[in-house]
file my_file-v8.cif (mmCIF, C-alpha atoms)
data_entry
loop_
_atom_site.label_atom_id
_atom_site.label_comp_id
_atom_site.auth_asym_id
_atom_site.auth_seq_id
_atom_site.Cartn_x
_atom_site.Cartn_y
_atom_site.Cartn_z
CA MET A 78 131.03 131.48 151.46
CA ILE A 79 129.16 130.30 148.36
CA ASN A 80 126.76 128.31 150.54
CA GLU A 81 125.93 131.40 152.55
CA ILE A 82 125.15 133.33 149.37
CA ILE A 83 122.89 130.57 148.08
CA ILE A 84 121.13 129.89 151.35
CA SER A 85 120.18 133.46 152.16
CA LYS A 86 116.66 134.02 150.81
CA TYR A 87 117.30 137.70 150.19
CA ASN A 88 120.31 136.85 148.07
CA ARG A 89 118.21 134.22 146.31
CA GLU A 90 115.65 136.90 145.46
CA ILE A 91 118.40 139.11 144.05
CA LEU A 92 119.95 136.16 142.18
CA PHE A 93 116.60 135.38 140.56
CA HIS A 94 116.28 138.92 139.20
CA ILE A 95 119.91 138.93 138.06
CA LEU A 96 119.14 135.69 136.21
CA ILE A 97 116.17 137.33 134.45
CA LEU A 98 118.34 140.34 133.62
CA PHE A 99 121.07 138.07 132.25
CA ILE A 100 118.74 135.91 130.13
CA ALA A 101 116.85 138.94 128.73
CA SER A 102 120.11 140.75 127.93
CA THR A 103 121.81 137.72 126.42
CA GLY A 104 118.70 136.91 124.39
CA ALA A 105 119.02 140.20 122.55
CA PHE A 106 122.61 139.57 121.48
CA LEU A 107 123.09 135.81 121.34
CA LYS A 108 121.35 133.84 118.62
CA ILE A 109 121.58 130.11 119.31
CA SER A 110 118.48 129.22 117.34
CA ASN A 111 115.43 131.00 115.96
CA PHE A 112 113.31 128.42 117.73
CA LEU A 113 114.74 129.09 121.17
CA ASP A 114 112.70 131.81 122.82
CA TYR A 115 114.37 133.55 125.75
CA ILE A 116 111.10 135.14 126.88
CA LEU A 117 109.54 131.70 127.26
CA ILE A 118 112.64 130.43 129.11
CA ILE A 119 112.16 133.28 131.60
CA SER A 120 108.49 132.33 131.79
CA ILE A 121 109.49 128.78 132.86
CA LEU A 122 111.60 130.25 135.68
CA ILE A 123 108.73 132.49 136.77
CA PHE A 124 106.35 129.55 136.66
CA CYS A 125 108.63 127.26 138.69
CA ARG A 126 109.54 129.76 141.37
CA ASN A 127 108.35 129.56 144.95
CA LYS A 128 106.83 132.58 146.68
CA SER A 129 108.76 135.79 146.14
CA LEU A 130 109.80 137.98 149.03
CA LEU A 131 108.46 140.93 147.11
CA SER A 132 104.95 139.59 147.68
CA THR A 133 102.37 141.88 146.01
CA TYR A 134 105.13 143.99 144.42
CA TYR A 135 106.38 140.95 142.51
CA PRO A 136 103.94 141.36 139.54
CA LEU A 137 105.04 144.99 139.26
CA VAL A 138 108.68 143.92 139.09
CA LEU A 139 107.80 141.36 136.39
CA PHE A 140 105.98 144.12 134.51
CA PHE A 141 109.17 146.18 134.70
CA TRP A 142 111.28 143.26 133.38
CA GLY A 143 108.81 143.01 130.52
CA PHE A 144 109.47 146.64 129.67
CA TYR A 145 113.21 146.05 129.80
CA SER A 146 112.94 143.10 127.42
CA ASP A 147 110.57 144.89 125.02
CA LEU A 148 112.78 147.95 124.75
CA LEU A 149 115.83 145.80 124.21
CA ILE A 150 114.47 143.35 121.66
CA GLY A 151 112.08 145.76 119.95
CA TYR A 152 108.79 144.08 120.76
CA PRO A 153 105.70 146.28 121.14
CA LEU A 154 105.65 147.64 124.71
CA GLY A 155 103.78 145.30 127.01
CA TYR A 156 104.39 142.10 125.01
CA SER A 157 106.95 140.43 127.28
CA GLY A 158 105.20 141.77 130.37
CA THR A 159 101.98 140.05 129.31
CA ILE A 160 103.80 136.71 128.94
CA PHE A 161 105.60 137.04 132.28
CA LEU A 162 102.43 138.03 134.11
CA PHE A 163 100.36 135.33 132.41
CA PHE A 164 102.73 132.59 133.58
CA PHE A 165 102.94 134.17 137.02
CA LEU A 166 99.14 134.09 137.24
CA LEU A 167 99.20 130.48 136.09
CA LYS A 168 101.70 129.67 138.83
CA GLU A 169 99.50 131.34 141.45
CA VAL A 170 96.52 129.28 140.25
CA SER A 171 98.61 126.09 140.19
CA TYR A 172 99.49 126.67 143.86
CA SER A 173 95.92 125.99 144.84
CA LEU A 174 95.88 122.76 142.77
CA ILE A 175 99.26 121.10 143.36
CA ASP A 176 102.34 121.61 145.53
CA ASN A 177 105.51 123.09 144.19
CA GLU A 178 107.53 119.86 144.20
CA ASN A 179 105.14 118.09 141.86
CA ILE A 180 107.03 118.65 138.60
CA ARG A 181 104.75 116.41 136.54
CA GLY A 182 101.66 118.32 137.68
CA LYS A 183 103.43 121.58 136.97
CA PHE A 184 104.36 120.27 133.52
CA TYR A 185 100.71 119.57 132.67
CA ILE A 186 99.61 123.01 133.86
CA TYR A 187 102.47 124.69 131.98
CA THR A 188 101.54 122.77 128.81
CA PHE A 189 97.94 123.92 129.21
CA GLY A 190 99.11 127.52 129.72
CA LEU A 191 101.40 127.30 126.72
CA PHE A 192 98.52 126.01 124.60
CA ILE A 193 96.27 128.93 125.66
CA PHE A 194 99.10 131.34 124.98
CA PHE A 195 99.75 129.74 121.57
CA LEU A 196 96.08 130.14 120.58
CA CYS A 197 95.94 133.81 121.65
CA GLU A 198 99.20 134.64 119.91
CA TYR A 199 98.34 132.81 116.71
CA LEU A 200 94.99 134.58 116.48
CA ALA A 201 96.54 137.99 117.31
CA VAL A 202 99.23 137.63 114.63
CA ASN A 203 96.65 136.56 112.06
CA LEU A 204 94.19 139.33 112.92
CA PHE A 205 96.53 142.27 113.51
CA PHE A 206 99.15 141.58 110.84
CA SER A 207 97.14 139.49 108.32
CA VAL A 208 100.01 137.02 108.14
CA ASN A 209 99.63 133.25 108.10
CA LEU A 210 102.68 131.98 109.93
CA SER A 211 103.64 128.36 109.48
CA LEU A 212 101.98 126.19 112.11
CA PHE A 213 104.93 123.82 111.94
CA ILE A 214 107.37 126.54 113.02
CA TYR A 215 105.04 127.50 115.86
CA LEU A 216 104.79 123.93 117.06
CA ILE A 217 108.57 123.40 117.00
CA LYS A 218 109.05 126.45 119.19
CA TYR A 219 106.49 125.35 121.74
CA ALA A 220 107.62 121.72 121.66
CA LEU A 221 111.16 122.88 122.39
CA MET A 222 109.87 124.75 125.43
CA LEU A 223 108.15 121.59 126.67
CA VAL A 224 111.36 119.61 126.15
CA ILE A 225 113.46 122.03 128.17
CA PHE A 226 110.76 122.50 130.83
CA TYR A 227 111.66 119.29 132.68
CA PRO A 228 115.42 119.86 133.12
CA ILE A 229 115.04 123.58 133.89
CA SER A 230 112.21 123.11 136.36
CA SER A 231 113.79 120.13 138.15
CA ILE A 232 117.08 122.02 138.63
CA PHE A 233 115.28 125.19 139.65
CA ILE A 234 112.77 123.56 142.00
CA SER A 235 115.36 121.31 143.68
CA PHE A 236 117.60 124.35 144.16
CA GLU A 237 114.74 126.34 145.68
CA ASN A 238 113.58 123.49 147.90
CA TYR A 239 117.10 122.69 149.07
CA ASN A 240 117.51 126.25 150.25
CA GLU A 241 114.08 126.33 151.86
CA LYS A 242 115.21 123.68 154.36
CA MET B 88 111.04 143.34 152.75
CA ARG B 89 110.66 141.41 155.99
CA SER B 90 107.38 143.15 156.81
CA LEU B 91 106.04 142.32 153.38
CA GLU B 92 106.86 138.68 153.91
CA ASN B 93 105.16 138.65 157.31
CA ASN B 94 102.09 140.22 155.77
CA SER B 95 101.98 137.52 153.12
CA PHE B 96 101.98 134.83 155.83
CA ARG B 97 99.46 136.52 158.10
CA PHE B 98 96.91 137.40 155.45
CA ILE B 99 97.64 134.63 152.99
CA LYS B 100 94.18 134.62 151.42
CA ASP B 101 93.90 138.40 151.14
CA ASN B 102 97.39 138.53 149.79
CA PHE B 103 96.60 135.93 147.13
CA LEU B 104 93.56 137.91 146.05
CA ARG B 105 95.48 141.18 146.06
CA THR B 106 98.33 139.70 143.99
CA THR B 107 95.86 138.16 141.53
CA ILE B 108 93.98 141.45 141.10
CA ILE B 109 97.23 143.39 140.58
CA THR B 110 98.41 140.79 138.06
CA VAL B 111 95.15 140.86 136.10
CA VAL B 112 95.17 144.69 136.06
CA LEU B 113 98.79 144.69 134.85
CA ILE B 114 97.97 142.13 132.13
CA ILE B 115 95.13 144.36 130.91
CA LEU B 116 97.49 147.36 131.01
CA SER B 117 100.13 145.41 129.05
CA LEU B 118 97.60 144.37 126.41
CA SER B 119 96.43 147.99 126.05
CA LEU B 120 100.05 149.08 125.69
CA ILE B 121 100.62 146.49 122.94
CA TYR B 122 97.57 147.81 121.09
CA PHE B 123 98.62 151.47 121.37
CA ASP B 124 102.23 150.72 120.55
CA THR B 125 101.45 148.73 117.39
CA THR B 126 98.82 151.16 116.11
CA ARG B 127 100.19 154.56 117.13
CA LYS B 128 103.91 154.13 117.95
CA THR B 129 103.61 156.17 121.10
CA PHE B 130 106.45 157.61 123.24
CA SER B 131 109.02 157.06 120.47
CA ASP B 132 111.51 159.67 121.77
CA THR B 133 111.36 158.57 125.41
CA ARG B 134 111.55 154.97 124.29
CA ALA B 135 114.68 155.62 122.22
CA THR B 136 116.41 157.43 125.10
CA ILE B 137 115.63 154.66 127.60
CA ARG B 138 116.65 152.01 125.05
CA ASP B 139 120.06 153.67 124.55
CA LEU B 140 120.62 153.41 128.29
CA ILE B 141 119.37 149.83 128.49
CA LEU B 142 121.64 148.80 125.62
CA ILE B 143 124.71 149.89 127.55
CA ILE B 144 123.63 147.76 130.53
CA ALA B 145 122.57 144.79 128.40
CA SER B 146 125.70 144.73 126.23
CA THR B 147 127.87 144.80 129.36
CA ILE B 148 125.94 141.93 130.95
CA ALA B 149 125.88 139.90 127.75
CA SER B 150 129.54 140.58 126.88
CA PRO B 151 130.82 137.11 127.99
CA ALA B 152 128.14 135.41 125.88
CA ILE B 153 128.91 137.70 122.92
CA LEU B 154 132.62 136.88 123.27
CA ILE B 155 131.91 133.13 123.17
CA GLU B 156 129.58 133.51 120.19
CA GLU B 157 132.16 135.57 118.28
CA GLY B 158 134.83 132.97 119.07
CA LEU B 159 132.67 130.12 117.79
CA TYR B 160 131.75 132.16 114.71
CA SER B 161 135.45 132.80 114.01
CA ILE B 162 136.22 129.07 114.23
CA GLY B 163 133.41 128.41 111.75
CA GLU B 164 134.76 131.12 109.47
CA ILE B 165 138.26 129.59 109.49
CA ASN B 166 136.69 126.27 108.52
CA ASN B 167 134.92 127.91 105.58
CA LEU B 168 137.98 129.85 104.46
CA TYR B 169 139.36 127.16 102.15
CA ASP B 170 136.05 126.67 100.31
CA GLU B 171 135.49 130.41 100.05
CA LEU B 172 138.96 130.94 98.58
CA LYS B 173 138.27 128.26 95.98
CA ASP B 174 134.93 129.89 95.07
CA TYR B 175 136.55 133.31 94.98
CA LYS B 176 139.19 132.16 92.49
CA GLU B 177 136.48 130.75 90.23
CA GLU B 178 134.36 133.90 90.51
CA GLN B 179 137.31 136.19 89.88
CA SER B 180 137.69 135.05 86.30
CA LEU B 181 134.00 135.73 85.70
CA SER B 182 133.78 139.03 87.56
CA SER B 183 136.14 140.93 85.25
CA ASP B 184 133.87 140.09 82.29
CA ILE B 185 130.74 141.06 84.25
CA PHE B 186 132.40 144.30 85.34
CA GLN B 187 133.18 145.19 81.72
CA GLU B 188 129.61 144.41 80.72
CA LEU B 189 128.20 146.51 83.60
CA SER B 190 130.39 149.49 82.70
CA VAL B 191 129.14 149.40 79.12
CA LEU B 192 125.52 149.11 80.30
CA ARG B 193 125.95 152.00 82.73
CA GLN B 194 127.35 154.21 79.96
CA LYS B 195 124.42 153.30 77.73
CA VAL B 196 121.88 154.09 80.47
CA GLU B 197 123.51 157.47 81.07
CA ILE B 198 123.32 158.30 77.36
CA TYR B 199 119.62 157.32 77.22
CA GLU B 200 118.84 159.28 80.40
CA ASN B 201 120.52 162.38 78.99
CA ASP B 202 118.68 161.98 75.66
CA LEU B 203 115.33 161.68 77.45
CA ASN B 204 116.16 164.50 79.90
CA PHE B 205 115.40 162.03 82.68
CA ILE B 206 115.51 163.28 86.31
CA LYS B 207 118.20 161.24 88.05
CA ASP B 208 116.69 159.85 91.19
CA ASN B 209 119.23 157.30 92.21
CA GLU B 210 121.92 159.45 93.76
CA PHE B 211 121.59 159.46 97.53
CA LYS B 212 123.58 160.50 100.51
CA SER B 213 124.54 157.44 102.50
CA ILE B 214 126.56 156.35 105.51
CA THR B 215 127.99 152.93 106.31
CA VAL B 216 127.19 151.68 109.79
CA GLU B 217 128.02 148.67 111.91
CA ILE B 218 125.32 146.23 113.02
CA PHE B 219 125.27 146.28 116.81
CA ALA B 220 122.98 143.29 117.34
CA ASP B 221 120.50 141.13 115.50
CA THR B 222 117.44 141.21 117.74
CA SER B 223 115.27 139.12 115.42
CA ASN B 224 112.99 136.83 117.27
CA ARG B 225 109.78 134.93 116.82
CA TYR B 226 107.74 137.44 114.83
CA PHE B 227 109.76 140.59 114.94
CA SER B 228 112.87 140.85 112.82
CA SER B 229 115.06 143.83 113.53
CA ILE B 230 118.70 144.85 113.86
CA LEU B 231 120.35 147.47 116.03
CA LEU B 232 122.62 149.87 114.18
CA LYS B 233 125.51 151.86 115.63
CA ALA B 234 124.27 155.20 114.31
CA GLY B 235 121.53 157.55 115.38
CA LYS B 236 120.44 161.17 115.31
CA SER B 237 124.01 162.34 115.88
CA SER B 238 125.03 160.70 112.56
CA GLY B 239 122.12 162.22 110.67
CA VAL B 240 119.97 159.09 110.58
CA SER B 241 116.23 159.73 110.50
CA GLU B 242 113.10 157.60 110.59
CA ASN B 243 112.29 155.57 107.47
CA ASN B 244 115.79 155.86 106.02
CA THR B 245 116.48 152.92 103.72
CA ILE B 246 118.93 150.21 104.80
CA VAL B 247 120.83 148.41 102.03
CA SER B 248 123.77 146.09 101.65
CA SER B 249 126.02 145.69 98.61
CA ARG B 250 123.54 143.13 97.23
CA GLY B 251 120.20 144.84 97.79
CA LEU B 252 117.50 146.04 100.17
CA VAL B 253 117.71 145.07 103.86
CA GLY B 254 114.94 147.16 105.47
CA ARG B 255 114.26 150.58 106.92
CA VAL B 256 115.02 152.56 110.07
CA THR B 257 112.12 152.58 112.51
CA GLU B 258 113.43 153.88 115.84
CA ILE B 259 116.17 156.39 116.38
CA GLY B 260 118.17 157.09 119.50
CA ASN B 261 121.12 159.43 119.76
CA LYS B 262 123.75 156.85 118.92
CA VAL B 263 121.76 153.69 118.18
CA SER B 264 118.84 153.08 115.86
CA ARG B 265 116.67 150.10 115.06
CA GLY B 266 116.24 148.74 111.55
CA LEU B 267 113.12 146.80 110.62
CA LEU B 268 114.00 143.87 108.34
CA LEU B 269 111.96 142.77 105.33
CA SER B 270 111.06 139.51 107.09
CA ASP B 271 109.33 141.28 110.02
CA ILE B 272 105.61 140.61 110.08
CA SER B 273 104.84 144.35 110.14
CA SER B 274 107.10 145.12 107.16
CA ARG B 275 105.31 146.30 104.00
CA VAL B 276 107.31 147.24 100.89
CA PRO B 277 105.86 148.26 97.50
CA VAL B 278 107.61 146.14 94.88
CA SER B 279 107.47 145.42 91.18
CA ILE B 280 108.13 142.05 89.58
CA SER B 281 109.97 141.25 86.36
CA SER B 282 110.47 143.51 83.40
CA SER B 283 106.71 143.92 82.94
CA GLU B 284 106.65 145.85 86.24
CA ILE B 285 103.75 144.08 87.89
CA GLN B 286 103.08 145.90 91.17
CA GLY B 287 102.46 144.38 94.59
CA ILE B 288 103.21 144.71 98.29
CA LEU B 289 105.90 142.58 99.91
CA ILE B 290 104.77 141.36 103.35
CA GLY B 291 107.17 139.86 105.89
CA GLN B 292 106.39 136.44 107.35
CA ASN B 293 109.32 136.10 109.75
CA LEU B 294 110.96 132.68 109.37
CA ASN B 295 108.98 131.96 106.22
CA ARG B 296 109.76 133.67 102.93
CA PRO B 297 108.00 137.05 102.52
CA LYS B 298 104.90 136.96 100.31
CA ILE B 299 103.61 139.44 97.75
CA ASN B 300 99.99 140.52 98.01
CA TYR B 301 97.66 142.72 95.94
CA ILE B 302 98.85 141.55 92.53
CA LYS B 303 96.37 141.94 89.71
CA ASN B 304 97.90 139.76 87.03
CA LEU B 305 99.95 136.66 87.79
CA ASN B 306 100.07 135.33 84.23
CA ASP B 307 103.23 137.21 83.25
CA ILE B 308 105.18 136.14 86.33
CA LYS B 309 107.60 133.23 86.38
CA VAL B 310 109.60 131.56 89.15
CA GLY B 311 113.00 133.26 89.31
CA ASP B 312 111.74 136.69 88.21
CA LEU B 313 113.54 139.57 89.84
CA VAL B 314 111.68 141.52 92.53
CA VAL B 315 112.71 145.16 93.00
CA THR B 316 111.32 148.14 94.92
CA SER B 317 108.75 150.08 92.94
CA GLY B 318 109.41 153.40 94.69
CA LYS B 319 105.71 153.90 95.35
CA GLY B 320 104.89 155.40 98.74
CA GLY B 321 108.06 157.48 98.73
CA ILE B 322 109.89 155.61 101.47
CA PHE B 323 112.12 153.35 99.38
CA PRO B 324 113.95 154.39 96.21
CA SER B 325 112.91 152.52 93.07
CA ASN B 326 114.80 149.59 91.53
CA LEU B 327 116.56 148.32 94.63
CA VAL B 328 116.91 144.56 94.37
CA VAL B 329 114.76 142.72 96.92
CA GLY B 330 115.00 139.12 95.73
CA SER B 331 113.49 136.69 93.25
CA VAL B 332 110.20 134.82 92.97
CA ALA B 333 110.61 131.45 94.71
CA ILE B 334 107.07 130.07 94.88
CA LEU B 335 104.31 130.88 92.43
CA ASP B 336 100.84 129.48 92.97
CA LYS B 337 98.61 131.04 90.33
CA LYS B 338 95.52 129.16 91.48
CA ASN B 339 95.64 130.58 95.03
CA GLN B 340 97.18 133.89 93.95
CA HIS B 341 100.20 133.22 96.18
CA ILE B 342 103.77 134.39 95.60
CA GLU B 343 106.74 133.97 97.90
CA VAL B 344 110.09 135.67 97.48
CA ASP B 345 113.64 134.52 98.18
CA LEU B 346 115.33 137.56 99.67
CA ILE B 347 118.67 138.42 98.12
CA VAL B 348 120.16 139.62 101.42
CA ASN B 349 120.51 137.39 104.44
CA PRO B 350 120.92 139.84 107.35
CA LYS B 351 122.60 137.17 109.48
CA THR B 352 125.66 137.28 107.23
CA LEU B 353 126.03 141.06 107.45
CA SER B 354 128.23 143.01 109.82
CA ARG B 355 127.82 146.42 108.15
CA VAL B 356 125.05 148.07 106.14
CA ARG B 357 124.52 151.34 104.32
CA ILE B 358 121.81 153.79 105.38
CA ILE B 359 120.44 155.82 102.51
CA ASN B 360 118.82 159.17 103.13
CA TYR B 361 116.01 158.86 100.62
CA GLN B 362 112.61 160.30 101.24
CA ILE B 363 110.31 161.61 98.61
CA GLU B 364 109.75 164.96 100.37
CA ASN B 365 113.54 165.51 100.39
CA ARG B 366 113.72 164.65 96.70
CA LEU B 367 110.94 167.06 95.80
CA GLU B 368 112.46 170.04 97.65
#
call {"tool": "encode", "arguments": {"input": "my_file-v8.cif", "output": "structure tokens"}}
result
Amino acid sequence: MINEIIISKYNREILFHILILFIASTGAFLKISNFLDYILIISILIFCRNKSLLSTYYPLVLFFWGFYSDLLIGYPLGYSGTIFLFFFLLKEVSYSLIDNENIRGKFYIYTFGLFIFFLCEYLAVNLFFSVNLSLFIYLIKYALMLVIFYPISSIFISFENYNEK
Amino acid sequence: MRSLENNSFRFIKDNFLRTTIITVVLIILSLSLIYFDTTRKTFSDTRATIRDLILIIASTIASPAILIEEGLYSIGEINNLYDELKDYKEEQSLSSDIFQELSVLRQKVEIYENDLNFIKDNEFKSITVEIFADTSNRYFSSILLKAGKSSGVSENNTIVSSRGLVGRVTEIGNKVSRGLLLSDISSRVPVSISSSEIQGILIGQNLNRPKINYIKNLNDIKVGDLVVTSGKGGIFPSNLVVGSVAILDKKNQHIEVDLIVNPKTLSRVRIINYQIENRLE
């Protein structure tokens, strides 16, 4: 019974969106650590995912999940959507460079993406809000994402690949 | 869904291009939305209505996680109970003296205010509300409060705890509203420091301590000086305790403040209906 649910690709598509819904909802209420960013955890899942059945509608759905997260957490509208779509775009680009099972390659591309994202965000916060946030705190947050990238992506990719067969 | 999938296999290159274009357009749209939302606070009513609905869904989904968190918190609280009881017993002997002293001071202030014919500005209507969730994150520090329009809450109402200022109300739904905390990077509060009433603006820095900008004279300020609201701008009442000066760098004109209230320890807050236009009516 459970196997059937996991194997079906349509159910897998639904499960993926339920997972995003669960992480975004839990992130608003559960505070494990200030350094653990639920939006970036979702971004890892988006980055590690194989092709979606929703095809060209997939970015629109991610845009919608961004709205959901922004309204819930209180970010400016469009903030989470930008992150989700940025990592989706990065995934699409990475497809033409490496295959999906190459976790190390994915890790390097994700690190590069995270670095670009970090630069943009740091500049935006400094310019728009005139606030100098501690670089140390920034780096801890991003380093934590890199640490959890490997376990999350290996579980996620092996799960996806197992069910592809 | 099946036809979409077939399309993606048949026209793989076109599909890749189409998806990329859509994604780039949506990213541009998202960035424009961020800009408009931070500068103009658009669609606030629609946003509040949708958020009320989303909160019901989200709190239901997150309820197992909330239950676990509350359980762990309770275990931690039981652990702290013995130490807290010990502290409480020590404080109790002091508090009766402080209470006496405060009563005398309050009487004196009332006498002086009457003698000077001073307009009393510190009596506000307030309601006590429960904190629904602490949605503080990387740069944005806010809490969700279980009170909205139906309870008479309006935008920019002041949020306080028994110790001092917590923040202000920024978004209002029917039954839930959002409170912006002092540590949020978009929070700006006019404050005055020490008895010499040096004026400045308290700016949130999220996980760091908030800083005070636009101060003309730093010579009269010392570490440990009390920081209170100045009342300028008409959003916050004057003389609400904000915190104390923690870091003072006179050379670089830099001051950081230790906030008196830690929102993480709060479960309820008071919302004060203070706005200068209401006071002047």
call {"tool": "interface_residues", "arguments": {"input": "my_file-v8.cif", "of": "chain B", "to": "chain A", "cutoff": "6 Å", "atoms": "all atoms listed in the file", "output": "list in words"}}
result
Glu92, Thr106, Thr110, Ile114, Ser117, Leu120, Ile121, Asp124, Arg138, Ala145, Ala149, Ala220 and Thr222 of chain B
call {"tool": "residues_around", "arguments": {"input": "my_file-v8.cif", "residues": "Phe226 in chain A", "least_positions_apart": "2", "cutoff": "9 Å", "atoms": "all atoms listed in the file", "output": "list of chain:residue names"}}
result
A:Ile118, A:Ile121, A:Phe184, A:Tyr187, A:Leu221, A:Met222, A:Leu223, A:Val224, A:Pro228, A:Ile229, A:Ser230, A:Ser231
call {"tool": "atom_distance", "arguments": {"input": "my_file-v8.cif", "atom1": "CA of Leu172 in chain B", "atom2": "CA of Ser248 in chain B"}}
result
21.7 Å
call {"tool": "resolve_selection", "arguments": {"input": "my_file-v8.cif", "expression": "the PyMOL selection byres ((chain B and resi 271) around 7)", "output": "count of residues only"}}
result
13
call {"tool": "resolve_selection", "arguments": {"input": "my_file-v8.cif", "expression": "the PyMOL selection byres ((chain B and resi 321-332) around 7)", "output": "list in words"}}
result
Asn243, Thr245, Gly251, Leu252, Val310, Gly311, Asp312, Leu313, Val314, Val315, Thr316, Ser317, Gly318, Lys319, Gly320, Ala333, Ile334, Ile342, Glu343, Val344, Asp345, Leu346, Ile347, Tyr361, Gln362 and Ile363 of chain B
call {"tool": "atom_distance", "arguments": {"input": "my_file-v8.cif", "atom1": "CA of Leu216 in chain A", "atom2": "CA of Leu174 in chain A"}}
result
27.2 Å
call {"tool": "residues_around", "arguments": {"input": "my_file-v8.cif", "residues": "Ile97 in chain A", "least_positions_apart": "4", "cutoff": "9 Å", "atoms": "only C-alpha atoms", "output": "number ranges by chain"}}
result
A: 92-93, 101-102, 119, 122, 142
call {"tool": "atom_distance", "arguments": {"input": "my_file-v8.cif", "atom1": "CA of Ser264 in chain B", "atom2": "CA of Lys236 in chain B"}}
result
8.3 Å
call {"tool": "residues_near_point", "arguments": {"input": "my_file-v8.cif", "point": "(102.2, 141.2, 85.1)", "cutoff": "7 Å", "atoms": "all atoms listed in the file", "output": "number ranges by chain"}}
result
B: 283-285, 304-308
call {"tool": "build_atoms", "arguments": {"input": "my_file-v8.cif", "residues": "range 250-255 of chain B", "atoms": "all heavy atoms", "output": "PDB file, keeping the file's coordinate frame"}}
result
ATOM      1  N   ARG B 250     124.355 143.976  98.123  1.00  0.00           N
ATOM      2  CA  ARG B 250     123.540 143.130  97.230  1.00  0.00           C
ATOM      3  C   ARG B 250     122.145 143.694  96.982  1.00  0.00           C
ATOM      4  O   ARG B 250     121.588 143.492  95.909  1.00  0.00           O
ATOM      5  CB  ARG B 250     123.411 141.727  97.825  1.00  0.00           C
ATOM      6  CG  ARG B 250     124.743 140.993  97.868  1.00  0.00           C
ATOM      7  CD  ARG B 250     124.606 139.718  98.673  1.00  0.00           C
ATOM      8  NE  ARG B 250     123.786 138.742  97.977  1.00  0.00           N
ATOM      9  CZ  ARG B 250     124.264 137.780  97.210  1.00  0.00           C
ATOM     10  NH1 ARG B 250     125.554 137.667  97.050  1.00  0.00           N
ATOM     11  NH2 ARG B 250     123.458 136.930  96.628  1.00  0.00           N
ATOM     12  N   GLY B 251     121.563 144.338  97.970  1.00  0.00           N
ATOM     13  CA  GLY B 251     120.200 144.840  97.790  1.00  0.00           C
ATOM     14  C   GLY B 251     119.582 145.361  99.067  1.00  0.00           C
ATOM     15  O   GLY B 251     120.279 145.636 100.058  1.00  0.00           O
ATOM     16  N   LEU B 252     118.230 145.444  99.054  1.00  0.00           N
ATOM     17  CA  LEU B 252     117.500 146.040 100.170  1.00  0.00           C
ATOM     18  C   LEU B 252     117.518 145.159 101.423  1.00  0.00           C
ATOM     19  O   LEU B 252     117.342 143.944 101.338  1.00  0.00           O
ATOM     20  CB  LEU B 252     116.050 146.294  99.733  1.00  0.00           C
ATOM     21  CG  LEU B 252     115.152 147.017 100.715  1.00  0.00           C
ATOM     22  CD1 LEU B 252     115.579 148.462 100.902  1.00  0.00           C
ATOM     23  CD2 LEU B 252     113.697 146.979 100.253  1.00  0.00           C
ATOM     24  N   VAL B 253     117.714 145.791 102.580  1.00  0.00           N
ATOM     25  CA  VAL B 253     117.710 145.070 103.860  1.00  0.00           C
ATOM     26  C   VAL B 253     116.465 145.432 104.668  1.00  0.00           C
ATOM     27  O   VAL B 253     115.823 144.578 105.267  1.00  0.00           O
ATOM     28  CB  VAL B 253     118.993 145.402 104.674  1.00  0.00           C
ATOM     29  CG1 VAL B 253     118.966 144.719 106.036  1.00  0.00           C
ATOM     30  CG2 VAL B 253     120.237 144.991 103.915  1.00  0.00           C
ATOM     31  N   GLY B 254     116.111 146.718 104.703  1.00  0.00           N
ATOM     32  CA  GLY B 254     114.940 147.160 105.470  1.00  0.00           C
ATOM     33  C   GLY B 254     114.904 148.660 105.598  1.00  0.00           C
ATOM     34  O   GLY B 254     115.428 149.373 104.736  1.00  0.00           O
ATOM     35  N   ARG B 255     114.311 149.137 106.686  1.00  0.00           N
ATOM     36  CA  ARG B 255     114.260 150.580 106.920  1.00  0.00           C
ATOM     37  C   ARG B 255     114.402 150.897 108.406  1.00  0.00           C
ATOM     38  O   ARG B 255     114.155 150.026 109.253  1.00  0.00           O
ATOM     39  CB  ARG B 255     112.970 151.174 106.362  1.00  0.00           C
ATOM     40  CG  ARG B 255     111.742 150.766 107.110  1.00  0.00           C
ATOM     41  CD  ARG B 255     110.493 151.324 106.452  1.00  0.00           C
ATOM     42  NE  ARG B 255     109.311 150.665 106.952  1.00  0.00           N
ATOM     43  CZ  ARG B 255     108.603 151.072 107.998  1.00  0.00           C
ATOM     44  NH1 ARG B 255     108.957 152.158 108.648  1.00  0.00           N
ATOM     45  NH2 ARG B 255     107.537 150.402 108.394  1.00  0.00           N
TER      46      ARG B 255
END
